[in-house]
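Presented below is the structure to which this report refers.
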Amino acid sequence: QVQLVESGGGLVQPGGSLRLSCAASTTIFGIDAMGWYRQVPGKQRELVARIISFLRTDYTDSVKGRFTISRDNAKSTVYLQMNNLKPEDTAVYYCNVKRGSDEYWGQGTQVTVSS
């Protein structure tokens with residue numbers, strides 16, 4: 001079992017920045033993928049960014065060039081640096097971990113981009 005604790009969400013003006021953190025309760029070595037998803041009411045949860053096997057990063061097109069995913073193995077933490085935020089980035093952001101056939105989710109953190 002892997003527990004994930006997210007932090008860093010909040011209210012920010014358009015063009016601003018936030019950094020989300022996701023701390024895992026176990027070492028992230030051996031984890032196949034870590035990533036961030038987001039969801040708005042009435043829509044399906046969508047992938048924002050992920051690190052696969054510590055080798056490859058993927059981003060959804062709408063955040064390329066603005067968001068950066070990174071990890072700190074020593075802290076078992078994955079980060080999402082979000083720059084130049086737009087109102088359409090408003091959503092609940094969820095941390096996700098995949099290990100073998102198991103999948104774990106954080107509790108979610110709200111990001112609101114509004115003037």
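Going by the structure tokens order, chains are called A, B, ..., each with residues numbered from 1, while ligands are numbered from 1 in the order shown.
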
May I have the residues within 12 Å of range 60-76 of chain A as an MDAnalysis selection string, using only C-alpha atoms and disregarding those fewer than 6 positions away in the same chain? chainID A and resid 2:5 15:31 33:38 46:54 82:86 88:89 95 97

Computed gap from CA of Leu80 in chain A to CA of Gly108 in chain A is 13.3 Å

Could you write out, as a compact mmCIF listing (two decimals) with all heavy atoms, in the first residue's frame, all the residues of chain A that DSSP marks as strand (DSSP E or B)?
```
# COMPACT_ATOMS: atom_id res chain seq x y z
N LEU A 4 -0.35 8.67 -0.47
CA LEU A 4 0.14 9.88 -1.14
C LEU A 4 -0.47 11.10 -0.48
O LEU A 4 -1.69 11.15 -0.28
CB LEU A 4 -0.23 9.83 -2.62
CG LEU A 4 0.23 8.60 -3.39
CD1 LEU A 4 -0.37 8.59 -4.79
CD2 LEU A 4 1.75 8.57 -3.48
N VAL A 5 0.37 12.06 -0.16
CA VAL A 5 -0.11 13.30 0.46
C VAL A 5 0.29 14.46 -0.43
O VAL A 5 1.48 14.69 -0.67
CB VAL A 5 0.49 13.47 1.87
CG1 VAL A 5 0.02 14.79 2.48
CG2 VAL A 5 0.09 12.29 2.76
N GLU A 6 -0.71 15.17 -0.91
CA GLU A 6 -0.49 16.29 -1.81
C GLU A 6 -0.55 17.61 -1.06
O GLU A 6 -1.24 17.74 -0.05
CB GLU A 6 -1.55 16.30 -2.91
CG GLU A 6 -1.57 15.06 -3.76
CD GLU A 6 -2.96 14.62 -4.12
OE1 GLU A 6 -3.89 15.01 -3.40
OE2 GLU A 6 -3.11 13.89 -5.12
N SER A 7 0.15 18.58 -1.61
CA SER A 7 0.09 19.93 -1.05
C SER A 7 0.47 20.92 -2.14
O SER A 7 0.99 20.53 -3.19
CB SER A 7 1.04 20.07 0.14
OG SER A 7 2.37 19.81 -0.24
N GLY A 10 -4.03 26.06 -4.42
CA GLY A 10 -4.49 27.34 -3.92
C GLY A 10 -5.06 28.20 -5.01
O GLY A 10 -5.34 27.74 -6.11
N LEU A 11 -5.23 29.48 -4.67
CA LEU A 11 -5.78 30.46 -5.60
C LEU A 11 -4.64 31.32 -6.13
O LEU A 11 -3.82 31.82 -5.36
CB LEU A 11 -6.80 31.34 -4.87
CG LEU A 11 -7.35 32.55 -5.63
CD1 LEU A 11 -8.15 32.09 -6.86
CD2 LEU A 11 -8.20 33.41 -4.71
N VAL A 12 -4.61 31.48 -7.44
CA VAL A 12 -3.55 32.27 -8.06
C VAL A 12 -4.15 33.04 -9.23
O VAL A 12 -5.12 32.59 -9.84
CB VAL A 12 -2.39 31.36 -8.52
CG1 VAL A 12 -2.84 30.39 -9.61
CG2 VAL A 12 -1.18 32.15 -8.95
N LEU A 18 2.40 28.07 -9.32
CA LEU A 18 2.23 27.23 -8.13
C LEU A 18 3.10 26.00 -8.29
O LEU A 18 3.39 25.58 -9.42
CB LEU A 18 0.77 26.78 -7.98
CG LEU A 18 -0.27 27.78 -7.48
CD1 LEU A 18 -1.65 27.14 -7.56
CD2 LEU A 18 0.03 28.24 -6.08
N ARG A 19 3.50 25.43 -7.17
CA ARG A 19 4.20 24.14 -7.21
C ARG A 19 3.45 23.16 -6.33
O ARG A 19 3.28 23.38 -5.13
CB ARG A 19 5.65 24.27 -6.72
CG ARG A 19 6.44 22.98 -6.95
CD ARG A 19 7.89 23.09 -6.57
NE ARG A 19 8.11 22.95 -5.15
CZ ARG A 19 9.25 22.54 -4.60
NH1 ARG A 19 10.27 22.22 -5.38
NH2 ARG A 19 9.38 22.46 -3.30
N LEU A 20 3.03 22.08 -6.95
CA LEU A 20 2.37 21.00 -6.22
C LEU A 20 3.41 19.97 -5.79
O LEU A 20 4.36 19.70 -6.52
CB LEU A 20 1.31 20.32 -7.08
CG LEU A 20 0.24 21.23 -7.69
CD1 LEU A 20 -0.76 20.37 -8.47
CD2 LEU A 20 -0.45 22.04 -6.63
N SER A 21 3.19 19.40 -4.62
CA SER A 21 4.06 18.33 -4.11
C SER A 21 3.21 17.11 -3.78
O SER A 21 2.08 17.24 -3.32
CB SER A 21 4.80 18.79 -2.85
OG SER A 21 5.60 19.91 -3.10
N CYS A 22 3.81 15.96 -3.98
CA CYS A 22 3.15 14.70 -3.65
C CYS A 22 4.18 13.82 -2.95
O CYS A 22 5.13 13.36 -3.59
CB CYS A 22 2.61 14.02 -4.88
SG CYS A 22 1.95 12.36 -4.59
N ALA A 23 3.99 13.62 -1.67
CA ALA A 23 4.91 12.79 -0.89
C ALA A 23 4.35 11.39 -0.74
O ALA A 23 3.20 11.21 -0.29
CB ALA A 23 5.14 13.42 0.49
N ALA A 24 5.16 10.40 -1.11
CA ALA A 24 4.74 9.01 -1.00
C ALA A 24 5.21 8.42 0.32
O ALA A 24 6.26 8.80 0.84
CB ALA A 24 5.31 8.20 -2.16
N ALA A 33 5.50 4.41 -12.53
CA ALA A 33 5.15 5.74 -13.02
C ALA A 33 4.56 6.57 -11.89
O ALA A 33 3.85 6.03 -11.02
CB ALA A 33 4.15 5.65 -14.16
N MET A 34 4.87 7.84 -11.92
CA MET A 34 4.26 8.81 -11.00
C MET A 34 3.78 9.97 -11.84
O MET A 34 4.48 10.39 -12.78
CB MET A 34 5.26 9.31 -9.97
CG MET A 34 5.76 8.26 -9.01
SD MET A 34 6.77 8.97 -7.69
CE MET A 34 5.50 9.73 -6.64
N GLY A 35 2.62 10.48 -11.49
CA GLY A 35 2.12 11.56 -12.31
C GLY A 35 1.05 12.38 -11.63
O GLY A 35 0.69 12.14 -10.48
N TRP A 36 0.59 13.36 -12.36
CA TRP A 36 -0.46 14.26 -11.91
C TRP A 36 -1.61 14.22 -12.92
O TRP A 36 -1.37 14.29 -14.13
CB TRP A 36 0.06 15.70 -11.79
CG TRP A 36 1.03 15.88 -10.67
CD1 TRP A 36 2.38 15.78 -10.72
CD2 TRP A 36 0.70 16.18 -9.32
NE1 TRP A 36 2.92 16.01 -9.49
CE2 TRP A 36 1.91 16.26 -8.60
CE3 TRP A 36 -0.48 16.41 -8.64
CZ2 TRP A 36 1.96 16.56 -7.22
CZ3 TRP A 36 -0.44 16.70 -7.28
CH2 TRP A 36 0.77 16.78 -6.59
N TYR A 37 -2.81 14.13 -12.39
CA TYR A 37 -4.03 14.21 -13.17
C TYR A 37 -4.85 15.37 -12.63
O TYR A 37 -4.61 15.85 -11.52
CB TYR A 37 -4.83 12.91 -13.04
CG TYR A 37 -4.22 11.72 -13.74
CD1 TYR A 37 -3.05 11.12 -13.26
CD2 TYR A 37 -4.82 11.16 -14.87
CE1 TYR A 37 -2.49 10.02 -13.91
CE2 TYR A 37 -4.27 10.06 -15.52
CZ TYR A 37 -3.11 9.51 -15.02
OH TYR A 37 -2.56 8.42 -15.65
N ARG A 38 -5.83 15.79 -13.42
CA ARG A 38 -6.73 16.83 -12.92
C ARG A 38 -8.16 16.55 -13.39
O ARG A 38 -8.36 15.86 -14.39
CB ARG A 38 -6.29 18.22 -13.38
CG ARG A 38 -6.34 18.45 -14.88
CD ARG A 38 -5.68 19.80 -15.21
NE ARG A 38 -5.69 20.04 -16.66
CZ ARG A 38 -5.07 21.08 -17.23
NH1 ARG A 38 -4.38 21.94 -16.49
NH2 ARG A 38 -5.13 21.25 -18.54
N GLN A 39 -9.08 17.11 -12.63
CA GLN A 39 -10.48 16.87 -12.94
C GLN A 39 -11.31 18.10 -12.59
O GLN A 39 -11.11 18.71 -11.54
CB GLN A 39 -11.01 15.66 -12.15
CG GLN A 39 -12.39 15.21 -12.56
CD GLN A 39 -12.76 13.88 -11.91
OE1 GLN A 39 -12.23 13.49 -10.88
NE2 GLN A 39 -13.67 13.16 -12.55
N GLU A 46 -8.16 13.78 -16.31
CA GLU A 46 -7.22 13.74 -17.42
C GLU A 46 -5.77 13.79 -16.92
O GLU A 46 -5.47 14.41 -15.89
CB GLU A 46 -7.47 14.90 -18.39
CG GLU A 46 -7.17 16.27 -17.81
CD GLU A 46 -7.12 17.38 -18.86
OE1 GLU A 46 -7.21 17.08 -20.07
OE2 GLU A 46 -7.00 18.55 -18.46
N LEU A 47 -4.90 13.14 -17.67
CA LEU A 47 -3.48 13.18 -17.36
C LEU A 47 -2.93 14.57 -17.64
O LEU A 47 -3.19 15.15 -18.69
CB LEU A 47 -2.73 12.16 -18.22
CG LEU A 47 -1.22 12.18 -18.11
CD1 LEU A 47 -0.77 11.72 -16.74
CD2 LEU A 47 -0.60 11.32 -19.20
N VAL A 48 -2.15 15.08 -16.71
CA VAL A 48 -1.47 16.36 -16.89
C VAL A 48 0.00 16.11 -17.24
O VAL A 48 0.51 16.61 -18.23
CB VAL A 48 -1.57 17.24 -15.63
CG1 VAL A 48 -0.79 18.54 -15.82
CG2 VAL A 48 -3.02 17.52 -15.29
N ALA A 49 0.67 15.33 -16.41
CA ALA A 49 2.09 15.04 -16.61
C ALA A 49 2.45 13.79 -15.83
O ALA A 49 1.84 13.50 -14.80
CB ALA A 49 2.96 16.21 -16.15
N ARG A 50 3.46 13.05 -16.32
CA ARG A 50 3.89 11.87 -15.61
C ARG A 50 5.35 11.57 -15.92
O ARG A 50 5.88 11.99 -16.94
CB ARG A 50 3.04 10.65 -15.98
CG ARG A 50 3.13 10.24 -17.43
CD ARG A 50 2.20 9.09 -17.76
NE ARG A 50 2.20 8.80 -19.18
CZ ARG A 50 1.45 7.87 -19.75
NH1 ARG A 50 0.64 7.14 -19.00
NH2 ARG A 50 1.51 7.66 -21.05
N ILE A 51 5.97 10.86 -14.98
CA ILE A 51 7.33 10.35 -15.16
C ILE A 51 7.20 8.84 -15.21
O ILE A 51 6.67 8.23 -14.27
CB ILE A 51 8.25 10.76 -14.01
CG1 ILE A 51 8.38 12.28 -13.92
CG2 ILE A 51 9.62 10.14 -14.17
CD1 ILE A 51 9.20 12.76 -12.75
N ILE A 52 7.72 8.23 -16.28
CA ILE A 52 7.60 6.79 -16.47
C ILE A 52 8.97 6.16 -16.28
O ILE A 52 9.93 6.53 -16.98
CB ILE A 52 7.06 6.45 -17.87
CG1 ILE A 52 5.67 7.09 -18.04
CG2 ILE A 52 6.99 4.95 -18.07
CD1 ILE A 52 5.12 6.96 -19.43
N ARG A 56 11.32 8.80 -18.74
CA ARG A 56 10.57 9.57 -19.72
C ARG A 56 9.50 10.40 -19.04
O ARG A 56 8.90 9.96 -18.06
CB ARG A 56 9.90 8.61 -20.70
CG ARG A 56 9.31 9.29 -21.92
CD ARG A 56 8.64 8.25 -22.80
NE ARG A 56 7.22 8.16 -22.50
CZ ARG A 56 6.51 7.05 -22.67
NH1 ARG A 56 7.08 5.95 -23.08
NH2 ARG A 56 5.22 7.05 -22.40
N THR A 57 9.30 11.59 -19.55
CA THR A 57 8.21 12.43 -19.06
C THR A 57 7.21 12.68 -20.18
O THR A 57 7.60 12.83 -21.34
CB THR A 57 8.73 13.78 -18.53
OG1 THR A 57 9.48 14.43 -19.57
CG2 THR A 57 9.63 13.60 -17.31
N ASP A 58 5.96 12.70 -19.82
CA ASP A 58 4.88 12.99 -20.76
C ASP A 58 4.06 14.16 -20.23
O ASP A 58 3.84 14.25 -19.01
CB ASP A 58 3.94 11.78 -20.92
CG ASP A 58 4.59 10.64 -21.67
OD1 ASP A 58 5.51 10.89 -22.46
OD2 ASP A 58 4.16 9.48 -21.45
N TYR A 59 3.60 15.00 -21.14
CA TYR A 59 2.75 16.12 -20.77
C TYR A 59 1.56 16.17 -21.72
O TYR A 59 1.71 15.92 -22.92
CB TYR A 59 3.49 17.45 -20.86
CG TYR A 59 4.66 17.58 -19.92
CD1 TYR A 59 5.94 17.18 -20.31
CD2 TYR A 59 4.49 18.12 -18.66
CE1 TYR A 59 7.01 17.30 -19.44
CE2 TYR A 59 5.56 18.26 -17.78
CZ TYR A 59 6.82 17.85 -18.18
OH TYR A 59 7.87 17.97 -17.31
N PHE A 67 4.32 23.67 -17.65
CA PHE A 67 4.42 22.80 -16.46
C PHE A 67 5.66 21.93 -16.56
O PHE A 67 6.04 21.50 -17.66
CB PHE A 67 3.19 21.90 -16.35
CG PHE A 67 1.90 22.59 -16.02
CD1 PHE A 67 1.78 23.97 -16.04
CD2 PHE A 67 0.78 21.85 -15.69
CE1 PHE A 67 0.58 24.60 -15.74
CE2 PHE A 67 -0.43 22.45 -15.40
CZ PHE A 67 -0.52 23.84 -15.42
N THR A 68 6.24 21.63 -15.40
CA THR A 68 7.39 20.72 -15.35
C THR A 68 7.20 19.75 -14.20
O THR A 68 6.97 20.16 -13.06
CB THR A 68 8.69 21.50 -15.14
OG1 THR A 68 8.86 22.46 -16.19
CG2 THR A 68 9.89 20.54 -15.15
N ILE A 69 7.31 18.46 -14.50
CA ILE A 69 7.24 17.44 -13.47
C ILE A 69 8.65 17.00 -13.11
O ILE A 69 9.51 16.90 -13.98
CB ILE A 69 6.38 16.24 -13.94
CG1 ILE A 69 6.12 15.27 -12.78
CG2 ILE A 69 7.00 15.52 -15.13
CD1 ILE A 69 5.07 14.22 -13.10
N SER A 70 8.87 16.78 -11.83
CA SER A 70 10.19 16.35 -11.37
C SER A 70 10.02 15.49 -10.12
O SER A 70 8.94 15.43 -9.55
CB SER A 70 11.09 17.54 -11.08
OG SER A 70 10.55 18.33 -10.04
N ARG A 71 11.10 14.87 -9.71
CA ARG A 71 11.03 13.99 -8.54
C ARG A 71 12.26 14.18 -7.66
O ARG A 71 13.32 14.58 -8.12
CB ARG A 71 10.94 12.54 -8.97
CG ARG A 71 12.24 12.03 -9.52
CD ARG A 71 12.12 10.64 -10.12
NE ARG A 71 13.44 10.09 -10.42
CZ ARG A 71 14.12 10.34 -11.51
NH1 ARG A 71 13.61 11.13 -12.42
NH2 ARG A 71 15.30 9.80 -11.69
N ASP A 72 12.12 13.86 -6.40
CA ASP A 72 13.23 13.82 -5.46
C ASP A 72 13.19 12.45 -4.82
O ASP A 72 12.35 12.19 -3.95
CB ASP A 72 13.07 14.93 -4.41
CG ASP A 72 14.24 15.01 -3.45
OD1 ASP A 72 14.87 13.96 -3.19
OD2 ASP A 72 14.52 16.11 -2.96
N THR A 77 9.26 12.09 -3.26
CA THR A 77 8.31 13.15 -3.59
C THR A 77 8.38 13.48 -5.08
O THR A 77 9.47 13.50 -5.66
CB THR A 77 8.61 14.41 -2.77
OG1 THR A 77 8.47 14.10 -1.37
CG2 THR A 77 7.66 15.54 -3.11
N VAL A 78 7.22 13.73 -5.65
CA VAL A 78 7.14 14.20 -7.02
C VAL A 78 6.51 15.59 -7.00
O VAL A 78 5.64 15.87 -6.18
CB VAL A 78 6.34 13.23 -7.91
CG1 VAL A 78 4.89 13.13 -7.47
CG2 VAL A 78 6.44 13.62 -9.37
N TYR A 79 7.00 16.45 -7.88
CA TYR A 79 6.56 17.83 -7.91
C TYR A 79 5.94 18.16 -9.27
O TYR A 79 6.28 17.55 -10.28
CB TYR A 79 7.74 18.78 -7.67
CG TYR A 79 8.47 18.54 -6.39
CD1 TYR A 79 9.63 17.78 -6.37
CD2 TYR A 79 8.01 19.07 -5.19
CE1 TYR A 79 10.32 17.55 -5.19
CE2 TYR A 79 8.69 18.86 -4.00
CZ TYR A 79 9.85 18.10 -4.01
OH TYR A 79 10.51 17.87 -2.83
N LEU A 80 5.09 19.16 -9.27
CA LEU A 80 4.59 19.72 -10.51
C LEU A 80 4.70 21.23 -10.42
O LEU A 80 3.97 21.87 -9.65
CB LEU A 80 3.13 19.31 -10.76
CG LEU A 80 2.56 19.77 -12.11
CD1 LEU A 80 3.26 19.02 -13.26
CD2 LEU A 80 1.04 19.53 -12.18
N GLN A 81 5.68 21.77 -11.14
CA GLN A 81 5.85 23.21 -11.19
C GLN A 81 4.96 23.74 -12.30
O GLN A 81 5.09 23.33 -13.46
CB GLN A 81 7.31 23.56 -11.47
CG GLN A 81 7.56 25.05 -11.62
CD GLN A 81 7.35 25.82 -10.33
OE1 GLN A 81 7.76 25.37 -9.25
NE2 GLN A 81 6.70 26.97 -10.41
N MET A 82 4.07 24.63 -11.95
CA MET A 82 3.10 25.17 -12.91
C MET A 82 3.32 26.66 -13.06
O MET A 82 3.17 27.42 -12.09
CB MET A 82 1.67 24.88 -12.42
CG MET A 82 1.39 23.41 -12.13
SD MET A 82 -0.33 23.08 -11.71
CE MET A 82 -0.46 23.93 -10.15
N ALA A 91 -8.81 23.26 -11.54
CA ALA A 91 -9.25 21.88 -11.39
C ALA A 91 -8.78 21.35 -10.04
O ALA A 91 -8.00 22.02 -9.35
CB ALA A 91 -8.67 21.00 -12.50
N VAL A 92 -9.23 20.16 -9.69
CA VAL A 92 -8.64 19.42 -8.59
C VAL A 92 -7.53 18.56 -9.18
O VAL A 92 -7.77 17.81 -10.13
CB VAL A 92 -9.67 18.55 -7.86
CG1 VAL A 92 -9.00 17.75 -6.75
CG2 VAL A 92 -10.79 19.41 -7.30
N TYR A 93 -6.36 18.68 -8.62
CA TYR A 93 -5.19 17.95 -9.11
C TYR A 93 -4.92 16.76 -8.20
O TYR A 93 -4.87 16.91 -6.97
CB TYR A 93 -3.97 18.87 -9.18
CG TYR A 93 -4.02 19.81 -10.34
CD1 TYR A 93 -4.95 20.86 -10.38
CD2 TYR A 93 -3.17 19.66 -11.44
CE1 TYR A 93 -5.01 21.72 -11.46
CE2 TYR A 93 -3.23 20.52 -12.52
CZ TYR A 93 -4.16 21.54 -12.52
OH TYR A 93 -4.22 22.39 -13.60
N TYR A 94 -4.72 15.60 -8.82
CA TYR A 94 -4.51 14.36 -8.08
C TYR A 94 -3.16 13.76 -8.44
O TYR A 94 -2.79 13.67 -9.61
CB TYR A 94 -5.58 13.33 -8.44
CG TYR A 94 -6.98 13.71 -8.05
CD1 TYR A 94 -7.80 14.40 -8.93
CD2 TYR A 94 -7.50 13.36 -6.80
CE1 TYR A 94 -9.10 14.75 -8.58
CE2 TYR A 94 -8.79 13.70 -6.44
CZ TYR A 94 -9.58 14.40 -7.33
OH TYR A 94 -10.87 14.73 -6.97
N CYS A 95 -2.46 13.32 -7.42
CA CYS A 95 -1.23 12.58 -7.61
C CYS A 95 -1.57 11.10 -7.84
O CYS A 95 -2.51 10.57 -7.23
CB CYS A 95 -0.36 12.72 -6.36
SG CYS A 95 1.23 11.88 -6.44
N ASN A 96 -0.80 10.46 -8.71
CA ASN A 96 -1.06 9.07 -9.06
C ASN A 96 0.24 8.29 -9.11
O ASN A 96 1.26 8.79 -9.60
CB ASN A 96 -1.75 9.00 -10.42
CG ASN A 96 -1.91 7.59 -10.94
OD1 ASN A 96 -1.03 7.07 -11.63
ND2 ASN A 96 -3.02 6.98 -10.63
N VAL A 97 0.20 7.08 -8.59
CA VAL A 97 1.36 6.19 -8.61
C VAL A 97 0.93 4.83 -9.14
O VAL A 97 -0.11 4.31 -8.74
CB VAL A 97 1.96 6.03 -7.19
CG1 VAL A 97 2.87 4.82 -7.11
CG2 VAL A 97 2.70 7.29 -6.79
N LYS A 98 1.72 4.29 -10.05
CA LYS A 98 1.48 2.95 -10.56
C LYS A 98 2.69 2.07 -10.23
O LYS A 98 3.83 2.43 -10.49
CB LYS A 98 1.28 2.97 -12.08
CG LYS A 98 0.00 3.67 -12.51
CD LYS A 98 -0.16 3.63 -14.01
CE LYS A 98 -1.50 4.20 -14.46
NZ LYS A 98 -1.66 5.61 -14.17
N ARG A 99 2.39 0.91 -9.64
CA ARG A 99 3.44 -0.05 -9.32
C ARG A 99 2.91 -1.44 -9.67
O ARG A 99 2.03 -1.96 -8.98
CB ARG A 99 3.84 0.04 -7.85
CG ARG A 99 5.01 -0.87 -7.47
CD ARG A 99 5.50 -0.59 -6.07
NE ARG A 99 4.49 -0.88 -5.06
CZ ARG A 99 4.65 -0.62 -3.76
NH1 ARG A 99 5.75 -0.04 -3.34
NH2 ARG A 99 3.70 -0.91 -2.90
N ASP A 102 -0.87 -2.41 -9.42
CA ASP A 102 -1.50 -1.56 -8.40
C ASP A 102 -1.44 -0.10 -8.81
O ASP A 102 -0.48 0.35 -9.44
CB ASP A 102 -0.83 -1.76 -7.04
CG ASP A 102 -0.96 -3.17 -6.53
OD1 ASP A 102 -2.02 -3.79 -6.77
OD2 ASP A 102 0.01 -3.67 -5.92
N GLU A 103 -2.45 0.63 -8.38
CA GLU A 103 -2.53 2.05 -8.67
C GLU A 103 -3.05 2.78 -7.43
O GLU A 103 -3.97 2.31 -6.76
CB GLU A 103 -3.47 2.30 -9.85
CG GLU A 103 -3.52 3.73 -10.33
CD GLU A 103 -4.31 3.87 -11.62
OE1 GLU A 103 -5.23 3.07 -11.84
OE2 GLU A 103 -4.00 4.79 -12.41
N TYR A 104 -2.45 3.92 -7.13
CA TYR A 104 -2.81 4.66 -5.93
C TYR A 104 -3.06 6.12 -6.30
O TYR A 104 -2.42 6.66 -7.20
CB TYR A 104 -1.68 4.57 -4.89
CG TYR A 104 -1.29 3.17 -4.55
CD1 TYR A 104 -0.25 2.53 -5.22
CD2 TYR A 104 -1.97 2.45 -3.56
CE1 TYR A 104 0.11 1.22 -4.92
CE2 TYR A 104 -1.61 1.15 -3.25
CZ TYR A 104 -0.57 0.55 -3.93
OH TYR A 104 -0.23 -0.75 -3.62
N TRP A 105 -3.96 6.75 -5.53
CA TRP A 105 -4.32 8.15 -5.76
C TRP A 105 -4.21 8.94 -4.46
O TRP A 105 -4.48 8.43 -3.37
CB TRP A 105 -5.77 8.25 -6.25
CG TRP A 105 -5.98 7.67 -7.61
CD1 TRP A 105 -6.37 6.39 -7.92
CD2 TRP A 105 -5.82 8.34 -8.86
NE1 TRP A 105 -6.47 6.24 -9.28
CE2 TRP A 105 -6.14 7.41 -9.88
CE3 TRP A 105 -5.45 9.64 -9.23
CZ2 TRP A 105 -6.08 7.74 -11.25
CZ3 TRP A 105 -5.40 9.96 -10.57
CH2 TRP A 105 -5.72 9.02 -11.56
N THR A 109 -5.86 18.13 -4.59
CA THR A 109 -5.65 19.49 -4.11
C THR A 109 -6.22 20.46 -5.14
O THR A 109 -6.02 20.31 -6.34
CB THR A 109 -4.15 19.76 -3.85
OG1 THR A 109 -3.99 21.06 -3.28
CG2 THR A 109 -3.30 19.65 -5.11
N GLN A 110 -6.96 21.45 -4.66
CA GLN A 110 -7.64 22.37 -5.55
C GLN A 110 -6.69 23.44 -6.05
O GLN A 110 -5.98 24.07 -5.26
CB GLN A 110 -8.83 23.04 -4.82
CG GLN A 110 -9.56 24.09 -5.63
CD GLN A 110 -10.37 23.50 -6.77
OE1 GLN A 110 -11.08 22.51 -6.59
NE2 GLN A 110 -10.28 24.11 -7.95
N VAL A 111 -6.72 23.66 -7.36
CA VAL A 111 -6.00 24.78 -7.99
C VAL A 111 -7.04 25.66 -8.66
O VAL A 111 -7.81 25.18 -9.51
CB VAL A 111 -4.97 24.27 -9.00
CG1 VAL A 111 -4.39 25.44 -9.79
CG2 VAL A 111 -3.86 23.50 -8.30
N THR A 112 -7.06 26.92 -8.29
CA THR A 112 -8.00 27.87 -8.88
C THR A 112 -7.23 29.04 -9.46
O THR A 112 -6.45 29.68 -8.75
CB THR A 112 -9.01 28.38 -7.84
OG1 THR A 112 -9.71 27.27 -7.26
CG2 THR A 112 -10.01 29.33 -8.46
N VAL A 113 -7.44 29.28 -10.74
CA VAL A 113 -6.75 30.37 -11.43
C VAL A 113 -7.82 31.40 -11.80
O VAL A 113 -8.66 31.16 -12.66
CB VAL A 113 -6.02 29.89 -12.68
CG1 VAL A 113 -5.23 31.04 -13.30
CG2 VAL A 113 -5.10 28.73 -12.34
```

* Would you mind listing what lies within 9 Å of Pro87 in chain A as a list in words, with only C-alpha atoms counted and same-chain residues fewer than 3 positions away left out? =>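 The filter keeps Gln13, Pro14, Thr90, Thr112, Val113, Ser114 and Ser115 of chain A.
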
Mind checking DSSP for range 14-111 of chain A and telling me the helix (DSSP H, G or I) residues as an mmCIF file with all heavy atoms, in the first residue's frame?
```cif
data_model
loop_
_atom_site.group_PDB
_atom_site.id
_atom_site.type_symbol
_atom_site.label_atom_id
_atom_site.label_comp_id
_atom_site.auth_asym_id
_atom_site.auth_seq_id
_atom_site.Cartn_x
_atom_site.Cartn_y
_atom_site.Cartn_z
ATOM 1 N N ASP A 61 -0.850 18.211 -24.088
ATOM 2 C CA ASP A 61 -0.449 19.317 -24.967
ATOM 3 C C ASP A 61 -0.699 20.687 -24.369
ATOM 4 O O ASP A 61 0.084 21.619 -24.556
ATOM 5 C CB ASP A 61 -1.185 19.196 -26.308
ATOM 6 C CG ASP A 61 -0.640 18.067 -27.171
ATOM 7 O OD1 ASP A 61 0.465 17.563 -26.877
ATOM 8 O OD2 ASP A 61 -1.317 17.683 -28.135
ATOM 9 N N SER A 62 -1.778 20.832 -23.645
ATOM 10 C CA SER A 62 -2.164 22.156 -23.158
ATOM 11 C C SER A 62 -1.224 22.722 -22.093
ATOM 12 O O SER A 62 -1.280 23.923 -21.798
ATOM 13 C CB SER A 62 -3.592 22.118 -22.607
ATOM 14 O OG SER A 62 -3.674 21.261 -21.488
ATOM 15 N N VAL A 63 -0.363 21.876 -21.514
ATOM 16 C CA VAL A 63 0.537 22.371 -20.466
ATOM 17 C C VAL A 63 2.005 22.353 -20.888
ATOM 18 O O VAL A 63 2.869 22.807 -20.126
ATOM 19 C CB VAL A 63 0.376 21.571 -19.154
ATOM 20 C CG1 VAL A 63 -1.081 21.524 -18.733
ATOM 21 C CG2 VAL A 63 0.969 20.175 -19.251
ATOM 22 N N ASN A 73 14.065 11.574 -5.255
ATOM 23 C CA ASN A 73 14.042 10.196 -4.765
ATOM 24 C C ASN A 73 14.272 10.120 -3.263
ATOM 25 O O ASN A 73 13.658 9.313 -2.565
ATOM 26 C CB ASN A 73 15.089 9.361 -5.498
ATOM 27 C CG ASN A 73 14.785 9.224 -6.971
ATOM 28 O OD1 ASN A 73 13.645 9.385 -7.392
ATOM 29 N ND2 ASN A 73 15.800 8.945 -7.761
ATOM 30 N N ALA A 74 15.181 10.949 -2.762
ATOM 31 C CA ALA A 74 15.505 10.901 -1.335
ATOM 32 C C ALA A 74 14.293 11.252 -0.476
ATOM 33 O O ALA A 74 14.156 10.752 0.648
ATOM 34 C CB ALA A 74 16.656 11.845 -1.040
ATOM 35 N N LYS A 75 13.431 12.107 -0.991
ATOM 36 C CA LYS A 75 12.243 12.524 -0.239
ATOM 37 C C LYS A 75 10.989 11.760 -0.679
ATOM 38 O O LYS A 75 9.903 12.023 -0.174
ATOM 39 C CB LYS A 75 12.012 14.024 -0.409
ATOM 40 C CG LYS A 75 13.121 14.884 0.166
ATOM 41 C CD LYS A 75 12.814 16.366 -0.014
ATOM 42 C CE LYS A 75 13.916 17.222 0.586
ATOM 43 N NZ LYS A 75 13.645 18.678 0.399
ATOM 44 N N PRO A 87 -6.847 30.358 -16.566
ATOM 45 C CA PRO A 87 -8.111 29.967 -15.916
ATOM 46 C C PRO A 87 -8.538 28.540 -16.238
ATOM 47 O O PRO A 87 -9.119 27.864 -15.386
ATOM 48 C CB PRO A 87 -9.107 30.992 -16.471
ATOM 49 C CG PRO A 87 -8.283 32.198 -16.747
ATOM 50 C CD PRO A 87 -6.962 31.658 -17.234
ATOM 51 N N GLU A 88 -8.206 28.071 -17.437
ATOM 52 C CA GLU A 88 -8.604 26.711 -17.811
ATOM 53 C C GLU A 88 -7.787 25.644 -17.093
ATOM 54 O O GLU A 88 -8.069 24.450 -17.231
ATOM 55 C CB GLU A 88 -8.505 26.505 -19.330
ATOM 56 C CG GLU A 88 -7.199 26.918 -19.943
ATOM 57 C CD GLU A 88 -7.239 28.331 -20.514
ATOM 58 O OE1 GLU A 88 -7.831 29.223 -19.865
ATOM 59 O OE2 GLU A 88 -6.660 28.538 -21.600
ATOM 60 N N ASP A 89 -6.765 26.044 -16.345
ATOM 61 C CA ASP A 89 -6.032 25.090 -15.510
ATOM 62 C C ASP A 89 -6.739 24.829 -14.186
ATOM 63 O O ASP A 89 -6.318 23.964 -13.409
ATOM 64 C CB ASP A 89 -4.618 25.606 -15.222
ATOM 65 C CG ASP A 89 -3.766 25.708 -16.472
ATOM 66 O OD1 ASP A 89 -3.813 24.780 -17.307
ATOM 67 O OD2 ASP A 89 -3.055 26.720 -16.613
#
```
